[in-house]
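The structure file structure-v5.cif is reproduced below (mmCIF, C-alpha atoms; chains and numbers go by the auth columns).
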```
data_coords
#
loop_
_atom_site.group_PDB
_atom_site.id
_atom_site.type_symbol
_atom_site.label_atom_id
_atom_site.label_comp_id
_atom_site.label_asym_id
_atom_site.label_seq_id
_atom_site.Cartn_x
_atom_site.Cartn_y
_atom_site.Cartn_z
_atom_site.B_iso_or_equiv
_atom_site.auth_seq_id
_atom_site.auth_asym_id
ATOM 1 C CA MET A 1 -8.739 -0.002 -15.999 0.00 18 O
ATOM 2 C CA LEU A 2 -8.287 -1.680 -12.653 0.00 19 O
ATOM 3 C CA TYR A 3 -4.756 -2.681 -11.671 0.00 20 O
ATOM 4 C CA PHE A 4 -2.627 -3.553 -8.659 0.00 21 O
ATOM 5 C CA ASN A 5 -0.421 -0.841 -7.272 0.00 22 O
ATOM 6 C CA ILE A 6 1.436 -2.183 -4.264 0.00 23 O
ATOM 7 C CA LYS A 7 4.672 -0.241 -4.739 0.00 24 O
ATOM 8 C CA PRO A 8 3.462 2.741 -2.669 0.00 25 O
ATOM 9 C CA ILE A 9 2.498 0.409 0.187 0.00 26 O
ATOM 10 C CA ILE A 10 5.859 -1.332 -0.010 0.00 27 O
ATOM 11 C CA LYS A 11 7.646 2.013 0.014 0.00 28 O
ATOM 12 C CA ALA A 12 5.548 3.280 2.934 0.00 29 O
ATOM 13 C CA ARG A 13 6.376 0.105 4.888 0.00 30 O
ATOM 14 C CA GLY A 14 10.099 0.643 4.257 0.00 31 O
ATOM 15 C CA ILE A 15 10.569 -2.687 2.472 0.00 32 O
ATOM 16 C CA GLU A 16 13.864 -2.332 0.645 0.00 33 O
ATOM 17 C CA ARG A 17 13.826 -5.614 -1.306 0.00 34 O
ATOM 18 C CA PRO A 18 10.179 -6.151 -2.331 0.00 35 O
ATOM 19 C CA PHE A 19 10.834 -9.166 -4.564 0.00 36 O
ATOM 20 C CA SER A 20 12.696 -11.031 -1.810 0.00 37 O
ATOM 21 C CA TYR A 21 10.063 -9.961 0.709 0.00 38 O
ATOM 22 C CA LEU A 22 7.247 -11.446 -1.375 0.00 39 O
ATOM 23 C CA VAL A 23 9.163 -14.652 -2.073 0.00 40 O
ATOM 24 C CA LYS A 24 10.001 -15.091 1.626 0.00 41 O
ATOM 25 C CA SER A 25 6.292 -14.541 2.334 0.00 42 O
ATOM 26 C CA GLY A 26 5.436 -17.565 0.206 0.00 43 O
ATOM 27 C CA PHE A 27 4.863 -16.185 -3.281 0.00 44 O
ATOM 28 C CA PRO A 28 6.484 -18.078 -6.163 0.00 45 O
ATOM 29 C CA ASN A 29 9.159 -16.103 -8.057 0.00 46 O
ATOM 30 C CA HIS A 30 7.021 -15.558 -11.156 0.00 47 O
ATOM 31 C CA THR A 31 4.011 -14.425 -9.105 0.00 48 O
ATOM 32 C CA ALA A 32 6.131 -11.974 -7.079 0.00 49 O
ATOM 33 C CA HIS A 33 7.576 -10.574 -10.316 0.00 50 O
ATOM 34 C CA ASN A 34 4.122 -10.205 -11.882 0.00 51 O
ATOM 35 C CA ILE A 35 2.674 -8.526 -8.786 0.00 52 O
ATOM 36 C CA LEU A 36 5.505 -6.001 -8.587 0.00 53 O
ATOM 37 C CA ASN A 37 5.396 -5.194 -12.302 0.00 54 O
ATOM 38 C CA ASN A 38 1.601 -5.049 -12.745 0.00 55 O
ATOM 39 C CA LYS A 39 1.640 -7.985 -15.132 0.00 56 O
ATOM 40 C CA ASN A 40 -1.138 -9.885 -13.412 0.00 57 O
ATOM 41 C CA ARG A 41 -4.186 -10.805 -15.391 0.00 58 O
ATOM 42 C CA VAL A 42 -5.541 -12.856 -12.514 0.00 59 O
ATOM 43 C CA LEU A 43 -4.687 -12.828 -8.851 0.00 60 O
ATOM 44 C CA ARG A 44 -6.048 -15.503 -6.606 0.00 61 O
ATOM 45 C CA LEU A 45 -8.068 -14.514 -3.563 0.00 62 O
ATOM 46 C CA ASP A 46 -5.606 -16.270 -1.272 0.00 63 O
ATOM 47 C CA HIS A 47 -2.835 -14.140 -2.800 0.00 64 O
ATOM 48 C CA ILE A 48 -4.813 -10.968 -2.165 0.00 65 O
ATOM 49 C CA GLU A 49 -5.423 -12.117 1.394 0.00 66 O
ATOM 50 C CA ARG A 50 -1.727 -12.896 1.902 0.00 67 O
ATOM 51 C CA LEU A 51 -0.721 -9.486 0.505 0.00 68 O
ATOM 52 C CA CYS A 52 -3.157 -7.789 2.875 0.00 69 O
ATOM 53 C CA ASP A 53 -1.812 -9.847 5.763 0.00 70 O
ATOM 54 C CA ILE A 54 1.879 -9.162 5.164 0.00 71 O
ATOM 55 C CA LEU A 55 1.373 -5.490 4.227 0.00 72 O
ATOM 56 C CA ASN A 56 -1.315 -4.835 6.868 0.00 73 O
ATOM 57 C CA CYS A 57 -3.730 -3.291 4.378 0.00 74 O
ATOM 58 C CA GLU A 58 -7.158 -3.782 2.804 0.00 75 O
ATOM 59 C CA PRO A 59 -7.817 -5.137 -0.707 0.00 76 O
ATOM 60 C CA ASN A 60 -8.873 -1.664 -1.859 0.00 77 O
ATOM 61 C CA ASP A 61 -5.445 -0.368 -0.800 0.00 78 O
ATOM 62 C CA LEU A 62 -3.849 -2.740 -3.307 0.00 79 O
ATOM 63 C CA MET A 63 -5.886 -1.616 -6.286 0.00 80 O
ATOM 64 C CA VAL A 64 -6.032 1.531 -8.377 0.00 81 O
ATOM 65 C CA TRP A 65 -8.553 2.434 -11.042 0.00 82 O
ATOM 66 C CA THR A 66 -7.790 4.627 -14.034 0.00 83 O
ATOM 67 C CA PRO A 67 -10.764 5.796 -16.110 0.00 84 O
ATOM 68 C CA ASP A 68 -10.807 4.818 -19.765 0.00 85 O
ATOM 69 C CA SER A 69 -10.049 7.856 -21.900 0.00 86 O
ATOM 70 C CA GLY A 70 -13.026 9.269 -23.691 0.00 87 O
ATOM 71 C CA LYS A 71 -15.546 7.475 -21.505 0.00 88 O
ATOM 72 C CA VAL A 72 -17.827 9.506 -19.240 0.00 89 O
ATOM 73 C CA TYR A 73 -18.561 8.066 -15.808 0.00 90 O
ATOM 74 C CA PRO A 74 -21.358 9.126 -13.469 0.00 91 O
ATOM 75 C CA GLU A 75 -20.354 11.129 -10.378 0.00 92 O
ATOM 76 C CA ASN A 76 -21.265 8.247 -8.075 0.00 93 O
ATOM 77 C CA PHE A 77 -19.396 5.591 -10.086 0.00 94 O
ATOM 78 C CA ALA A 78 -18.211 3.042 -7.511 0.00 95 O
ATOM 79 C CA LEU A 79 -14.688 2.570 -8.862 0.00 96 O
ATOM 80 C CA LYS A 80 -13.903 6.287 -8.488 0.00 97 O
ATOM 81 C CA ALA A 81 -13.069 5.486 -4.868 0.00 98 O
ATOM 82 C CA LEU A 82 -10.056 3.565 -6.219 0.00 99 O
ATOM 83 C CA LYS A 83 -8.601 6.441 -8.255 0.00 100 O
ATOM 84 C CA ASN A 84 -4.880 6.795 -7.753 0.00 101 O
ATOM 85 C CA ASN A 85 -4.388 8.980 -4.705 0.00 102 O
ATOM 86 C CA THR A 86 -0.883 7.856 -3.850 0.00 103 O
ATOM 87 C CA PRO A 87 0.864 10.319 -1.582 0.00 104 O
ATOM 88 C CA THR A 88 3.942 11.832 -3.147 0.00 105 O
ATOM 89 C CA GLU A 89 5.836 11.869 0.135 0.00 106 O
ATOM 90 C CA PHE A 90 6.260 9.126 2.658 0.00 107 O
ATOM 91 C CA TRP A 91 7.101 9.262 6.321 0.00 108 O
ATOM 92 C CA LYS A 92 10.833 8.722 5.868 0.00 109 O
ATOM 93 C CA GLU A 93 11.091 11.807 3.662 0.00 110 O
ATOM 94 C CA LYS A 94 8.889 13.830 6.010 0.00 111 O
ATOM 95 C CA ILE A 95 10.608 12.798 9.233 0.00 112 O
ATOM 96 C CA VAL A 96 13.968 14.122 8.006 0.00 113 O
ATOM 97 C CA ASN A 97 12.527 17.639 7.811 0.00 114 O
ATOM 98 C CA LEU A 98 10.882 17.652 11.248 0.00 115 O
ATOM 99 C CA THR A 99 12.273 19.881 13.931 0.00 116 O
ATOM 100 C CA TYR A 100 13.318 18.142 17.124 0.00 117 O
ATOM 101 C CA LYS A 101 10.239 19.551 18.873 0.00 118 O
ATOM 102 C CA GLU A 102 7.953 18.155 16.136 0.00 119 O
ATOM 103 C CA LEU A 103 9.731 14.809 16.342 0.00 120 O
ATOM 104 C CA LYS A 104 9.131 14.655 20.108 0.00 121 O
ATOM 105 C CA GLU A 105 5.438 15.487 19.584 0.00 122 O
ATOM 106 C CA SER A 106 5.163 12.733 16.977 0.00 123 O
ATOM 107 C CA THR A 107 6.724 10.273 19.388 0.00 124 O
ATOM 108 C CA LYS A 108 4.138 11.249 22.031 0.00 125 O
ATOM 109 C CA TYR A 109 1.345 10.619 19.521 0.00 126 O
ATOM 110 C CA PHE A 110 2.585 7.110 18.752 0.00 127 O
ATOM 111 C CA SER A 111 3.121 6.346 22.426 0.00 128 O
ATOM 112 C CA GLN A 112 -0.495 7.331 23.119 0.00 129 O
ATOM 113 C CA LYS A 113 -1.693 5.109 20.257 0.00 130 O
ATOM 114 C CA ASP A 114 0.262 2.169 21.700 0.00 131 O
ATOM 115 C CA ASN A 115 -1.338 2.718 25.120 0.00 132 O
ATOM 116 C CA GLN A 116 -4.821 2.862 23.561 0.00 133 O
ATOM 117 C CA ASN A 117 -4.288 -0.392 21.636 0.00 134 O
ATOM 118 C CA PRO A 118 -2.156 -2.626 23.868 0.00 135 O
ATOM 119 C CA LYS A 119 -0.825 -5.762 22.245 0.00 136 O
ATOM 120 C CA ASP A 120 -1.619 -9.160 23.737 0.00 137 O
#
```

Show me the file's structure as structure tokens.
Amino acid sequence: MLYFNIKPIIKARGIERPFSYLVKSGFPNHTAHNILNNKNRVLRLDHIERLCDILNCEPNDLMVWTPDSGKVYPENFALKALKNNTPTEFWKEKIVNLTYKELKESTKYFSQKDNQNPKD
């Protein structure tokens, strides 16, 4: 079964009020509710595009595939790339446990990334 799983992306982005965030981004209340609670039967392409835009992700990041029980899939089955591989920890939980030295090294890494990709 293919379904939307945006909660890990929202958590990773540090969005504390996902419903309000989606509504402020232009989604109607009922659509925001359905997206957050996996109650969508259909999601318009412009909604997928808007989600990708506001969450800075790809469509494949929004979707998760769970194999049907009892069904055997070939090794190279295309949807296997969408199996749920949600990390159990996010950066906020990890950063708390960093030593000061590790935190400084992380800051250097991000500073280098910013210098490599300057913003206009």

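Comparing O:Pro91, O:Asp78, O:Arg67, O:Lys100 by their smallest distance to O:Lys41, the closest is O:Arg67 (using all atoms listed in the file).
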
**OP:** May I ask for the distance between atom CA of O:Phe36 and atom CA of O:Lys56, given in Å to one decimal place?
**Re:**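 Rounded to one decimal, the two atoms are 14.1 Å apart.
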
Care to translate the PyMOL selection byres ((chain O and resi 69) around 12) into actual residues of this file, as a JSON list (two decimals) with C-alpha atoms, in the frame of the given file?
```json
[["chain", "number", "residue", "atom", "x", "y", "z"],
["O", 23, "ILE", "CA", 1.44, -2.18, -4.26],
["O", 26, "ILE", "CA", 2.50, 0.41, 0.19],
["O", 27, "ILE", "CA", 5.86, -1.33, -0.01],
["O", 39, "LEU", "CA", 7.25, -11.45, -1.38],
["O", 42, "SER", "CA", 6.29, -14.54, 2.33],
["O", 62, "LEU", "CA", -8.07, -14.51, -3.56],
["O", 63, "ASP", "CA", -5.61, -16.27, -1.27],
["O", 64, "HIS", "CA", -2.84, -14.14, -2.80],
["O", 65, "ILE", "CA", -4.81, -10.97, -2.16],
["O", 66, "GLU", "CA", -5.42, -12.12, 1.39],
["O", 67, "ARG", "CA", -1.73, -12.90, 1.90],
["O", 68, "LEU", "CA", -0.72, -9.49, 0.50],
["O", 70, "ASP", "CA", -1.81, -9.85, 5.76],
["O", 71, "ILE", "CA", 1.88, -9.16, 5.16],
["O", 72, "LEU", "CA", 1.37, -5.49, 4.23],
["O", 73, "ASN", "CA", -1.32, -4.84, 6.87],
["O", 74, "CYS", "CA", -3.73, -3.29, 4.38],
["O", 75, "GLU", "CA", -7.16, -3.78, 2.80],
["O", 76, "PRO", "CA", -7.82, -5.14, -0.71],
["O", 77, "ASN", "CA", -8.87, -1.66, -1.86],
["O", 78, "ASP", "CA", -5.44, -0.37, -0.80],
["O", 79, "LEU", "CA", -3.85, -2.74, -3.31],
["O", 80, "MET", "CA", -5.89, -1.62, -6.29]]
```

Please define a box with edges along x, y and z of the file around all atoms of stretch 31-42 of chain O given in the file, extend it by 6 Å on each side, and return its centre and edge lengths in Å to one decimal, as AutoDock Vina command-line options.
```
--center_x 10.1 --center_y -7.2 --center_z -0.2 --size_x 19.6 --size_y 27.7 --size_z 20.8
```

Subject >> Hits from the PyMOL selection byres ((chain O and resi 95-98) around 9), listed as a PyMOL selection string >> reply: chain O and resi 19+77+81-84+90+92-94+99-101

Original post:
Just how far from atom CA of O:Gly31 is atom CA of O:Asn114, in Å to one decimal?
Top reply: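 Straight-line distance from atom CA of O:Asn114 to atom CA of O:Gly31 works out to 17.5 Å.
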
Original post:
By how many Å are atom CA of O:Ile112 and atom CA of O:Ser128 apart?
Top reply: 16.5 Å

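Nearest residue to O:Phe21 among O:Ser37, O:Asn55, O:Thr48, O:Thr124 is O:Asn55, counting only C-alpha atoms.
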
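Shortest separation to O:Ala29 among O:Lys111, O:His47, O:Arg61, O:Lys118 occurs at residue O:Lys111, atoms counted being all atoms listed in the file.
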
Reconstruct N, CA and C atoms of stretch 109-131 of chain O from the incomplete input and present them as a CSV table (one decimal), in the frame of the given file.
```
chain,number,residue,atom,x,y,z
O,109,LYS,N,9.4,8.6,5.7
O,109,LYS,CA,10.8,8.7,5.9
O,109,LYS,C,11.3,10.1,5.3
O,110,GLU,N,10.7,10.5,4.2
O,110,GLU,CA,11.1,11.8,3.7
O,110,GLU,C,10.6,12.9,4.6
O,111,LYS,N,9.4,12.8,5.2
O,111,LYS,CA,8.9,13.8,6.0
O,111,LYS,C,9.6,13.9,7.3
O,112,ILE,N,10.0,12.8,7.9
O,112,ILE,CA,10.6,12.8,9.2
O,112,ILE,C,12.0,13.5,9.2
O,113,VAL,N,12.7,13.5,8.1
O,113,VAL,CA,14.0,14.1,8.0
O,113,VAL,C,13.8,15.6,8.2
O,114,ASN,N,12.7,16.2,7.8
O,114,ASN,CA,12.5,17.6,7.8
O,114,ASN,C,11.8,18.1,9.1
O,115,LEU,N,11.5,17.2,10.0
O,115,LEU,CA,10.9,17.7,11.2
O,115,LEU,C,11.9,18.3,12.2
O,116,THR,N,11.4,19.3,12.9
O,116,THR,CA,12.3,19.9,13.9
O,116,THR,C,12.3,18.9,15.1
O,117,TYR,N,13.2,19.1,16.0
O,117,TYR,CA,13.3,18.1,17.1
O,117,TYR,C,12.0,18.2,17.9
O,118,LYS,N,11.5,19.4,18.1
O,118,LYS,CA,10.2,19.6,18.9
O,118,LYS,C,9.1,18.8,18.2
O,119,GLU,N,9.0,18.9,16.9
O,119,GLU,CA,8.0,18.2,16.1
O,119,GLU,C,8.2,16.7,16.2
O,120,LEU,N,9.4,16.2,16.2
O,120,LEU,CA,9.7,14.8,16.3
O,120,LEU,C,9.3,14.3,17.7
O,121,LYS,N,9.6,15.1,18.8
O,121,LYS,CA,9.1,14.7,20.1
O,121,LYS,C,7.6,14.6,20.2
O,122,GLU,N,6.9,15.5,19.6
O,122,GLU,CA,5.4,15.5,19.6
O,122,GLU,C,4.9,14.3,18.8
O,123,SER,N,5.6,13.9,17.7
O,123,SER,CA,5.2,12.7,17.0
O,123,SER,C,5.4,11.5,17.8
O,124,THR,N,6.4,11.4,18.5
O,124,THR,CA,6.7,10.3,19.4
O,124,THR,C,5.6,10.1,20.5
O,125,LYS,N,5.2,11.3,21.0
O,125,LYS,CA,4.1,11.2,22.0
O,125,LYS,C,2.9,10.7,21.4
O,126,TYR,N,2.5,11.1,20.2
O,126,TYR,CA,1.3,10.6,19.5
O,126,TYR,C,1.4,9.1,19.4
O,127,PHE,N,2.5,8.6,18.9
O,127,PHE,CA,2.6,7.1,18.8
O,127,PHE,C,2.6,6.4,20.1
O,128,SER,N,3.2,7.0,21.1
O,128,SER,CA,3.1,6.3,22.4
O,128,SER,C,1.7,6.3,22.9
O,129,GLN,N,0.9,7.3,22.7
O,129,GLN,CA,-0.5,7.3,23.1
O,129,GLN,C,-1.3,6.3,22.4
O,130,LYS,N,-1.0,6.1,21.1
O,130,LYS,CA,-1.7,5.1,20.3
O,130,LYS,C,-1.4,3.7,20.8
O,131,ASP,N,-0.1,3.5,21.2
O,131,ASP,CA,0.3,2.2,21.7
O,131,ASP,C,-0.5,1.9,23.0
```
